[in-house]
Amino acid sequence: MWFGNLVTLAWWDDTWLNEAFASWMGDKVIEHYRADWARGWSVRYGRSYALELDRLPSARRIRNPVADKNDLSGAFDSITYQKGAAVLSMFESWFSPETFRQGVRVFLKRHALANATSEDFIRALGEASGRGAEALAMFRGFIEQPGVPLVDIALECSGEPAALALEQQRLRPAGLAAAELAWTTPLCVRYGTWTQCADIGNGKSFLPLTQPACPSLLVANAGGKSYYVARYARGLGERARSQPDLLSANEMVGALIDVRVLAESGLAALSDALAWADAGLAHMSPVARLEAIELLQKQRDAWLSPADARTKREIIARRVQPLAAAMTWSEAAAEAEDERELRPRLMSFAAQVDDDAQLRGRARELATAWLANHDAVPATLTPAVLDTAARFADADTYARLEKAAIATTDRRERRYLLAALGKVREAKLRTAMLELSLKEDTNGYDAAELLEATLADDTNRRAAFDFLRANYDAIAPKLPQSALASPIVWLMEPLGELCTREERALFVDFFKERVASLFGGPRAYQQALERIDICVAAHGSP
């Protein structure tokens, strides 16, 4: 309300003054209202989505020029919301919460019931902080240029005191060129109970530790909230992974997200990603375990060497399956909220790798019970139950789910069911499912949700893309129009997960002549193509 109605952005390039501040403030309120809701969740939802986009050469700035409608459609993404909130949080700590709050108050009072710009906010922050032009230039570096700093960090204990060897550069994924950018970054590391911060620039630097003894463990991003990606030197990373519960939930989640982005970008070995996933699953925090499951699942079997494939299977057997057996598909009455958040992702993944299919069978039973009585399955667990039942559905189960999707008048229930149908693996059933989108009695919203769910599934993505290309002229006119982008644009995002040269060629051939006529199309096309190129370069797919 403060940053939208009391003080209103002067133009769309300052959308972040409204949206990033709302996201940032939401996280702060949660931390005060229910601390148990804040443990790692804001880092997970913020950092993950922002870094996925910000690593791309086409990444836009937080404060990005808006000159035409395609620029407008890009203003409402995770750069505005999640990166914006993360940068505000980082500089709130750097300026000090009291100083930052005073700057916000000056800004709001001065421009109440009027319009304002980023320049107005930066000016107010400068007045409150008294830090001078250099401090404000640091802040500008994160809001007025794209990209994210990559900080390589190694520990040197040969001298006294111990020191960190650091090197900062722009994170540039394999296979893509991007201009170098310079930041002065507030870096904060933690060892033991001691947190040490320094402002570092691009290139190599040397940071003596305040405590002279060589630490047994060092966390490269204290608190997990600063906006840079840390890449540990080999021995340093191994030390951190070997003592997972000495990392806070925020720190573990931040490290897991960093290594996922690095592995996906071809900048870290998949063996490192697997090792961090193992450490995350050993952490006591449910959100750390959830992020570890996602990291483990992201390492597709087709990319793994025989040794890494064995490691992944061993982690599943040693960590995932016992945890799933302990949690089961049933919620406990006294369970914490974050355990309820973990269960759907855990059980869904465990069922996919369940050789004896017991978890799949139980999911089918629960889905059948839910179709008869929605109270039979908790709302938090319903999507995972339906997804699992549909993924391994026989003809009878599929028919019941499809019938329910067509019959229900409840929009939420229909979304659950369509998302589940999009995961069906049996080829004939998948064909029948995709053809639902063409039927006259399937409206545009349902067709869009069904196609998006199918394209987002690793197993079904290629078949869904083939179907979309073959039936584009029939599908496109019926999809719903959006104020922010053409509906086809939303389908490009999951297509960024394609990962072979053949699939890249099909993607380019199909969309290159169409994107100019699609509202929001040029940016979505470029970002999806960059993600495909990164995957091909990082994982060597033929």
# chains A, B, ... in the order shown; residues from 1 in each chain; ligands from 1
$ residues_around --residues "Gly84 (chain A)" --least-positions-apart "3" --cutoff "7 Å" --atoms "only C-alpha atoms" --output "PyMOL selection string"
chain A and resi 16+20+62+79-81+87-88
$ atom_distance --atom1 "CA of Ile200 (chain A)" --atom2 "CA of Ala222 (chain A)"
15.2 Å
$ select_by_dssp --residues "region 241-404 of chain A" --states "helix (DSSP H, G or I)" --output "PyMOL selection string"
chain A and resi 241-242+244-246+249-264+270-282+286-298+301-303+306-327+337-352+358-372+374-376+382-391+395-404
$ closest_residue --among "A:Phe392, A:Tyr525, A:Trp2, A:Tyr445" --to "Thr459 (chain A)" --atoms "only C-alpha atoms"
A:Phe392
$ residues_around --residues "Pro494 (chain A)" --least-positions-apart "3" --cutoff "7 Å" --atoms "only C-alpha atoms" --output "ChimeraX atom specification"
/A:455-456,491,497
$ closest_residue --among "A:Ala22, A:Ala282, A:Met347, A:Leu150" --to "Ala220 (chain A)" --atoms "only C-alpha atoms"
A:Leu150
$ residues_around --residues "Tyr416 (chain A)" --least-positions-apart "2" --cutoff "8 Å" --atoms "only C-alpha atoms" --output "PyMOL selection string"
chain A and resi 382-383+386+412-414+418-420
$ write_last_selection --atoms "N, CA and C atoms" --output "JSON list (two decimals), in the first residue's frame"
[["chain", "number", "residue", "atom", "x", "y", "z"],
["A", 382, "THR", "N", -3.27, -32.98, -1.76],
["A", 382, "THR", "CA", -4.10, -33.38, -2.90],
["A", 382, "THR", "C", -3.36, -33.33, -4.24],
["A", 383, "PRO", "N", -2.66, -32.22, -4.59],
["A", 383, "PRO", "CA", -1.99, -32.21, -5.89],
["A", 383, "PRO", "C", -0.97, -33.34, -6.06],
["A", 386, "LEU", "N", -2.84, -36.71, -6.63],
["A", 386, "LEU", "CA", -3.41, -36.78, -7.97],
["A", 386, "LEU", "C", -2.31, -36.89, -9.03],
["A", 412, "ARG", "N", -10.37, -24.58, -8.81],
["A", 412, "ARG", "CA", -9.18, -25.13, -8.17],
["A", 412, "ARG", "C", -9.09, -26.63, -8.40],
["A", 413, "GLU", "N", -10.21, -27.32, -8.22],
["A", 413, "GLU", "CA", -10.19, -28.77, -8.45],
["A", 413, "GLU", "C", -9.82, -29.10, -9.89],
["A", 414, "ARG", "N", -10.35, -28.29, -10.84],
["A", 414, "ARG", "CA", -10.03, -28.57, -12.23],
["A", 414, "ARG", "C", -8.53, -28.35, -12.50],
["A", 418, "LEU", "N", -6.23, -31.22, -14.07],
["A", 418, "LEU", "CA", -5.55, -31.01, -15.36],
["A", 418, "LEU", "C", -4.04, -31.10, -15.20],
["A", 419, "ALA", "N", -3.51, -30.54, -14.11],
["A", 419, "ALA", "CA", -2.07, -30.65, -13.86],
["A", 419, "ALA", "C", -1.66, -32.10, -13.69],
["A", 420, "ALA", "N", -2.51, -32.89, -13.04],
["A", 420, "ALA", "CA", -2.22, -34.32, -12.86],
["A", 420, "ALA", "C", -2.27, -35.05, -14.20]]
$ select_by_dssp --residues "region 119-183 of chain A" --states "strand (DSSP E)" --output "list in words"
Pro149, Leu150, Val151, Asp152, Ile153, Ala154, Leu155, Glu156, Ala163, Leu164, Ala165, Leu166, Glu167, Gln168, Gln169 and Arg170 of chain A
$ write_last_selection --atoms "C-alpha atoms" --output "CSV table (one decimal), in the first residue's frame"
chain,number,residue,atom,x,y,z
A,149,PRO,CA,28.1,-11.8,-9.2
A,150,LEU,CA,29.9,-15.2,-9.0
A,151,VAL,CA,32.3,-15.2,-6.1
A,152,ASP,CA,35.0,-18.0,-6.0
A,153,ILE,CA,36.1,-18.5,-2.4
A,154,ALA,CA,39.0,-20.5,-1.0
A,155,LEU,CA,40.5,-20.7,2.5
A,156,GLU,CA,44.2,-20.3,3.0
A,163,ALA,CA,42.6,-15.6,5.0
A,164,LEU,CA,40.1,-16.0,2.1
A,165,ALA,CA,41.3,-15.9,-1.5
A,166,LEU,CA,38.3,-14.4,-3.4
A,167,GLU,CA,37.6,-13.8,-7.1
A,168,GLN,CA,34.5,-12.0,-8.3
A,169,GLN,CA,33.1,-11.9,-11.9
A,170,ARG,CA,29.7,-12.1,-13.6
$ closest_residue --among "A:Glu337, A:Glu52, A:Asp36, A:Asp396" --to "Val259 (chain A)" --atoms "only C-alpha atoms"
A:Glu52
$ closest_residue --among "A:Ala357, A:Ala174, A:Met90, A:Ala326" --to "Gly224 (chain A)" --atoms "only C-alpha atoms"
A:Met90
$ residues_around --residues "Leu451 (chain A)" --least-positions-apart "3" --cutoff "8 Å" --atoms "only C-alpha atoms" --output "list of chain:residue names"
A:Gly422, A:Leu434, A:Ser437, A:Ala447, A:Ala448, A:Thr454, A:Leu455, A:Ala464, A:Leu491
$ write_last_selection --atoms "C-alpha atoms" --output "CSV table (one decimal), in the first residue's frame"
chain,number,residue,atom,x,y,z
A,422,GLY,CA,-0.5,-33.6,-17.8
A,434,LEU,CA,-3.3,-33.9,-25.2
A,437,SER,CA,-7.1,-29.5,-25.5
A,447,ALA,CA,-6.4,-26.0,-22.7
A,448,ALA,CA,-3.6,-23.7,-21.6
A,454,THR,CA,2.4,-31.4,-19.9
A,455,LEU,CA,5.3,-29.3,-21.3
A,464,ALA,CA,3.7,-32.2,-25.9
A,491,LEU,CA,4.2,-22.1,-22.9
$ atom_distance --atom1 "CA of Ala384 (chain A)" --atom2 "CA of Leu295 (chain A)"
18.1 Å
$ residues_around --residues "Ala427 (chain A)" --least-positions-apart "2" --cutoff "12 Å" --atoms "only C-alpha atoms" --output "PyMOL selection string"
chain A and resi 391-395+422-425+429-434+459-460+463-464
$ residues_around --residues "Gly237 (chain A)" --least-positions-apart "3" --cutoff "9 Å" --atoms "only C-alpha atoms" --output "PyMOL selection string"
chain A and resi 217-219+231-234+240-242+272+276
$ closest_residue --among "A:Ser348, A:Asn471, A:Gln527, A:Thr408" --to "Glu493 (chain A)" --atoms "only C-alpha atoms"
A:Gln527
$ closest_atom_pairs --of "region 88-207 of chain A" --to "region 536-539 of chain A" --cutoff "10 Å" --atoms "only C-alpha atoms" --output "Markdown table"
| residue | atom | partner | partner_atom | distance |
| --- | --- | --- | --- | --- |
| A:Pro173 | CA | A:Ala538 | CA | 8.2 |
| A:Ala174 | CA | A:Ala537 | CA | 5.9 |
| A:Gly175 | CA | A:Ala537 | CA | 5.1 |
| A:Leu176 | CA | A:Ala537 | CA | 8.6 |
$ write_last_selection --atoms "N, CA and C atoms" --output "JSON list (two decimals), in the first residue's frame"
[["chain", "number", "residue", "atom", "x", "y", "z"],
["A", 173, "PRO", "N", 26.96, -18.58, -17.78],
["A", 173, "PRO", "CA", 26.82, -20.02, -18.02],
["A", 173, "PRO", "C", 27.63, -20.48, -19.22],
["A", 174, "ALA", "N", 27.92, -21.77, -19.24],
["A", 174, "ALA", "CA", 28.63, -22.38, -20.36],
["A", 174, "ALA", "C", 27.84, -22.19, -21.64],
["A", 175, "GLY", "N", 28.56, -21.97, -22.73],
["A", 175, "GLY", "CA", 27.93, -21.93, -24.05],
["A", 175, "GLY", "C", 27.39, -20.60, -24.47],
["A", 176, "LEU", "N", 27.41, -19.59, -23.57],
["A", 176, "LEU", "CA", 26.85, -18.29, -23.90],
["A", 176, "LEU", "C", 27.83, -17.18, -23.54]]
$ closest_residue --among "A:Arg47, A:Thr117, A:Arg318, A:Phe107" --to "Arg63 (chain A)" --atoms "only C-alpha atoms"
A:Thr117
$ atom_distance --atom1 "CA of Leu495 (chain A)" --atom2 "CA of Arg462 (chain A)"
8.8 Å
